[in-house]
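Shown here: my_file_37.txt, compact mmCIF, C-alpha atoms and all ligand atoms.
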# COMPACT_ATOMS: atom_id res chain seq x y z
CA MET A 1 6.69 17.27 -3.59
CA THR A 2 3.06 18.29 -2.97
CA ASP A 3 1.76 18.69 0.58
CA ALA A 4 -0.75 15.87 0.05
CA ARG A 5 1.96 13.46 -1.12
CA GLU A 6 4.31 14.55 1.67
CA SER A 7 1.69 14.03 4.36
CA LEU A 8 0.66 10.59 3.06
CA ILE A 9 4.31 9.51 3.02
CA ALA A 10 4.81 10.84 6.56
CA THR A 11 1.86 8.73 7.73
CA ALA A 12 3.25 5.64 5.97
CA ARG A 13 6.55 6.20 7.81
CA GLU A 14 4.72 6.29 11.15
CA CYS A 15 2.92 3.05 10.24
CA CYS A 16 6.23 1.44 9.28
CA ALA A 17 7.47 1.99 12.83
CA ARG A 18 4.63 -0.25 14.08
CA ALA A 19 5.34 -3.24 11.87
CA HIS A 20 5.40 -6.72 13.37
CA ALA A 21 8.17 -8.21 11.25
CA PRO A 22 10.36 -10.36 13.48
CA TYR A 23 11.06 -12.92 10.72
CA SER A 24 11.98 -10.88 7.65
CA GLY A 25 13.14 -7.77 9.52
CA ILE A 26 11.44 -5.78 6.74
CA HIS A 27 9.16 -3.19 8.30
CA VAL A 28 6.46 -1.85 5.99
CA GLY A 29 3.84 0.85 6.54
CA ALA A 30 1.02 1.94 4.27
CA ALA A 31 -1.24 4.99 4.32
CA VAL A 32 -4.36 4.95 2.16
CA ARG A 33 -6.25 8.16 1.46
CA ALA A 34 -9.87 7.24 0.87
CA ALA A 35 -12.15 9.12 -1.52
CA SER A 36 -13.86 10.35 1.68
CA GLY A 37 -10.62 12.15 2.59
CA VAL A 38 -9.93 9.95 5.62
CA VAL A 39 -6.48 8.35 5.78
CA TYR A 40 -6.32 4.70 6.87
CA ARG A 41 -3.20 3.06 8.25
CA GLY A 42 -1.66 -0.36 8.04
CA ASN A 43 1.57 -2.22 8.64
CA ASN A 44 2.81 -5.68 7.90
CA VAL A 45 1.99 -8.35 10.47
CA GLU A 46 4.12 -11.47 10.15
CA ASN A 47 3.47 -14.89 11.64
CA ALA A 48 5.67 -17.84 12.55
CA ALA A 49 3.61 -19.76 9.97
CA TYR A 50 5.07 -17.54 7.25
CA PRO A 51 2.28 -17.52 4.60
CA LEU A 52 -0.15 -16.18 7.20
CA GLY A 53 1.59 -12.81 7.29
CA ASN A 54 -0.24 -9.71 6.01
CA CYS A 55 1.21 -6.93 3.91
CA ALA A 56 0.96 -3.33 5.11
CA GLU A 57 -1.24 -2.32 2.15
CA THR A 58 -3.64 -5.19 2.87
CA SER A 59 -3.94 -4.06 6.50
CA ALA A 60 -4.64 -0.44 5.51
CA ILE A 61 -7.26 -1.51 2.95
CA ALA A 62 -8.94 -3.71 5.57
CA ALA A 63 -9.08 -0.74 7.97
CA GLY A 64 -10.75 1.37 5.25
CA VAL A 65 -13.34 -1.27 4.43
CA GLN A 66 -14.04 -1.80 8.12
CA ALA A 67 -14.63 1.94 8.64
CA GLU A 68 -16.56 2.79 5.46
CA GLY A 69 -17.98 -0.49 4.19
CA THR A 70 -18.91 -0.71 0.50
CA ALA A 71 -18.43 3.06 0.03
CA PHE A 72 -14.68 2.77 0.61
CA ARG A 73 -12.54 3.73 -2.39
CA ILE A 74 -8.80 4.38 -2.60
CA ALA A 75 -7.82 7.85 -3.83
CA GLY A 76 -4.09 7.66 -3.01
CA ILE A 77 -1.61 5.40 -1.27
CA ALA A 78 1.88 5.71 0.16
CA VAL A 79 4.16 2.90 1.27
CA TRP A 80 7.32 3.06 3.37
CA ALA A 81 9.79 0.32 4.27
CA THR A 82 12.89 -0.06 6.41
CA ASP A 83 15.15 -2.85 7.53
CA ARG A 84 15.33 -3.81 11.20
CA ASN A 85 17.91 -1.06 11.80
CA GLY A 86 15.70 1.64 10.35
CA ALA A 87 17.50 1.99 6.99
CA VAL A 88 15.04 2.87 4.23
CA LEU A 89 14.40 0.15 1.64
CA ALA A 90 13.12 0.39 -1.91
CA ALA A 91 9.60 -1.05 -1.78
CA SER A 92 6.73 -0.74 -4.21
CA PRO A 93 3.55 -2.75 -3.47
CA CYS A 94 3.83 -6.47 -4.25
CA GLY A 95 1.77 -7.99 -7.06
CA GLY A 96 -1.00 -9.20 -4.76
CA CYS A 97 -1.37 -5.77 -3.17
CA ARG A 98 -1.46 -4.12 -6.61
CA GLN A 99 -4.46 -6.29 -7.43
CA ARG A 100 -6.07 -5.41 -4.07
CA ILE A 101 -5.55 -1.70 -4.74
CA HIS A 102 -7.03 -2.13 -8.24
CA GLU A 103 -10.20 -3.62 -6.77
CA LEU A 104 -11.01 -0.46 -4.81
CA ALA A 105 -9.24 2.38 -6.64
CA VAL A 106 -11.39 5.34 -7.67
CA ASP A 107 -12.26 4.65 -11.36
CA GLY A 108 -9.50 2.01 -11.34
CA ARG A 109 -6.89 4.80 -11.13
CA VAL A 110 -4.69 5.83 -8.23
CA GLN A 111 -1.25 7.32 -7.61
CA ILE A 112 1.13 5.24 -5.50
CA HIS A 113 4.10 6.78 -3.66
CA PHE A 114 6.98 4.59 -2.52
CA PRO A 115 10.68 4.70 -1.64
CA TRP A 116 12.97 3.62 -4.45
CA GLN A 117 16.68 3.12 -4.99
CA GLY A 118 19.09 5.94 -4.23
CA GLY A 119 16.85 7.49 -1.57
CA GLU A 120 14.36 8.66 -4.17
CA VAL A 121 10.61 8.65 -3.50
CA ARG A 122 8.74 7.71 -6.64
CA THR A 123 5.14 8.20 -7.66
CA ALA A 124 3.57 5.82 -10.18
CA ALA A 125 0.07 5.34 -11.46
CA LEU A 126 -1.51 1.98 -10.69
CA ASP A 127 -1.79 1.14 -14.40
CA GLU A 128 1.99 1.53 -14.74
CA LEU A 129 2.49 -1.00 -11.94
CA LEU A 130 -0.35 -3.32 -12.95
CA PRO A 131 -1.08 -3.05 -16.68
CA TYR A 132 -3.84 -5.30 -18.03
CA ALA A 133 -5.18 -5.89 -14.51
CA PHE A 134 -7.45 -8.86 -13.97
CA PHE A 135 -11.17 -8.16 -13.56
CA LEU A 136 -14.25 -10.34 -13.64
CA PRO A 137 -16.65 -10.05 -16.58
CA SER A 138 -19.91 -8.30 -15.73
CA THR A 139 -22.58 -10.68 -14.44
CA SER A 140 -25.36 -8.10 -14.60
CA SER A 141 -26.87 -9.01 -18.03
N1 LIG B 1 5.38 -6.66 2.45
C1 LIG B 1 4.43 -5.68 2.57
O1 LIG B 1 4.01 -5.35 3.67
N2 LIG B 1 3.97 -5.11 1.43
C2 LIG B 1 4.37 -5.43 0.16
O2 LIG B 1 3.82 -4.91 -0.80
C3 LIG B 1 5.45 -6.40 -0.02
C4 LIG B 1 5.92 -7.12 1.19
C5 LIG B 1 5.88 -7.31 3.67
C6 LIG B 1 5.47 -8.75 3.81
C7 LIG B 1 6.53 -9.29 4.73
O3 LIG B 1 6.13 -9.08 6.08
C8 LIG B 1 7.74 -8.41 4.44
O4 LIG B 1 7.29 -7.31 3.69
C9 LIG B 1 8.82 -9.14 3.65
O5 LIG B 1 8.30 -9.74 2.52
So that I can check it, write out the structure of this file as structure tokens.
Amino acid sequence: MTDARESLIATARECCARAHAPYSGIHVGAAVRAASGVVYRGNNVENAAYPLGNCAETSAIAAGVQAEGTAFRIAGIAVWATDRNGAVLAASPCGGCRQRIHELAVDGRVQIHFPWQGGEVRTAALDELLPYAFFLPSTSS
């Protein structure tokens, strides 16, 4: 494992410990390394009105946009998830978060690190997780 990947995963684990997930008991943390080099943090924030909950990746992306504005781009992302007892769960970003990552990934490409079955930590490229991503046609002509 490279140092950069290791450190992003370590940050995602710290974020996971701050999740507000009293309903699902699934605690998720996300660490986004911006093109600027700064790492932004997020965790899931659930709500008693269930659809209002935010994913960890969404929270980290919002933190990056808040800090850097339109310059913000995602160079790398790590996710971590546990159950309410702290046991690690397999968790790659959900479909909605894949689309959110696509929107701001450097050149539409980014490596995503996440815990998978059997205690393995996997790394996948965004286009493996979200082939044929949706994008709007150019409106500039
Ligand atoms: N969750 C995330 O934070 N990220 C994902 O990519 C998938 C799901 C959260 C949402 C909810 O709080 C909990 O995991 C269970 O779905």
**Request:** Find the residues near range 57-67 of chain A: any atom within 12 Å, counting only C-alpha atoms, skip ones fewer than 2 places away on the same chain, and give them as a PyMOL selection string.
**Result:** chain A and resi 11-12+15-16+19-20+28-46+53-55+69-81+91-105+112+114
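Between CA of Thr82 in chain A and CA of His27 in chain A there is a distance of 5.2 Å.
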**Separation of atom C9 of ligand LIG 1 (chain B) from CA of Ala17 in chain A in Å** =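 Atom C9 of ligand LIG 1 (chain B) lies 14.5 Å from CA of Ala17 in chain A.
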Work out where the centre of an axis-aligned box around every listed atom of ligand LIG 1 (chain B) lies and how long its edges are once 6 Å is added on each side; give both in Å to one decimal as JSON.
{"center_x": 6.3, "center_y": -7.3, "center_z": 2.6, "size_x": 17.0, "size_y": 16.8, "size_z": 18.9}
Per residue of range 70-120 of chain A within 7 Å of range 126-129 of chain A, what are the shortest atom pair and its distance in Å to one decimal, counting all atoms listed in the file, with rows by chain and residue number, as a Markdown table?
| residue | atom | partner | partner_atom | distance |
| --- | --- | --- | --- | --- |
| A:Arg109 | CA | A:Leu126 | CA | 6.1 |
| A:Val110 | CA | A:Leu126 | CA | 5.6 |
| A:Gln111 | CA | A:Leu126 | CA | 6.2 |
| A:Ile112 | CA | A:Leu126 | CA | 6.7 |
Can you write just those residues out, C-alpha atoms, as a tab-separated table (two decimals), in the coordinates of the input?
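And here's selection_26.tsv as it stands now:
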chain	number	residue	atom	x	y	z
A	109	ARG	CA	-6.89	4.80	-11.13
A	110	VAL	CA	-4.69	5.83	-8.23
A	111	GLN	CA	-1.25	7.32	-7.61
A	112	ILE	CA	1.13	5.24	-5.50
**Among listed residues A:Leu8, A:Leu130, A:Ser24, A:Gly108, nearest ligand LIG 1 (chain B) (using all atoms listed in the file)** =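 Using all atoms listed in the file, ligand LIG 1 (chain B) sits closest to A:Ser24.
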**Request:** Excluding Ala90 in chain A and residues on its chain fewer than 2 positions from it, collect all residues at most 6 Å away from it, counting all atoms listed in the file, and give them as a ChimeraX atom specification.
**Result:** /A:115-117
**Prompt:** Which value, in Å to one decimal, gives the distance between CA of Ala124 in chain A and CA of Ala10 in chain A?
**Reply:**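 Here the two named atoms are 17.5 Å from each other.
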**Prompt:** Using only C-alpha atoms and all ligand atoms, which residue out of A:Glu120, A:Glu6, A:Asp107, A:Asp83 lies closest to ligand LIG 1 (chain B)?
**Reply:** A:Asp83
**Fill in**
Of A:Gly25, A:Pro131, A:Pro137, A:Gly119, the one nearest to ligand LIG 1 (chain B) when counting all atoms listed in the file is A:Gly25
**Asked** Nearest to Leu89 in chain A: which of A:Ala21, A:Val106, A:Ile9, A:Ile26 is it, counting only C-alpha atoms?
**Response** A:Ile26
**Shortest interatomic distance to ligand LIG 1 (chain B) - which of A:Tyr23, A:Ala56, A:Arg18, A:Thr2, counting only C-alpha atoms and all ligand atoms** =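 Using only C-alpha atoms and all ligand atoms, ligand LIG 1 (chain B) sits closest to A:Ala56.
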**Asked** Taking all atoms listed in the file into account, which of A:Arg13, A:Tyr132, A:Pro22, A:Asp3 comes nearest Val88 in chain A?
**Response**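 Nearest candidate to Val88 in chain A out of A:Arg13, A:Tyr132, A:Pro22, A:Asp3: A:Arg13.
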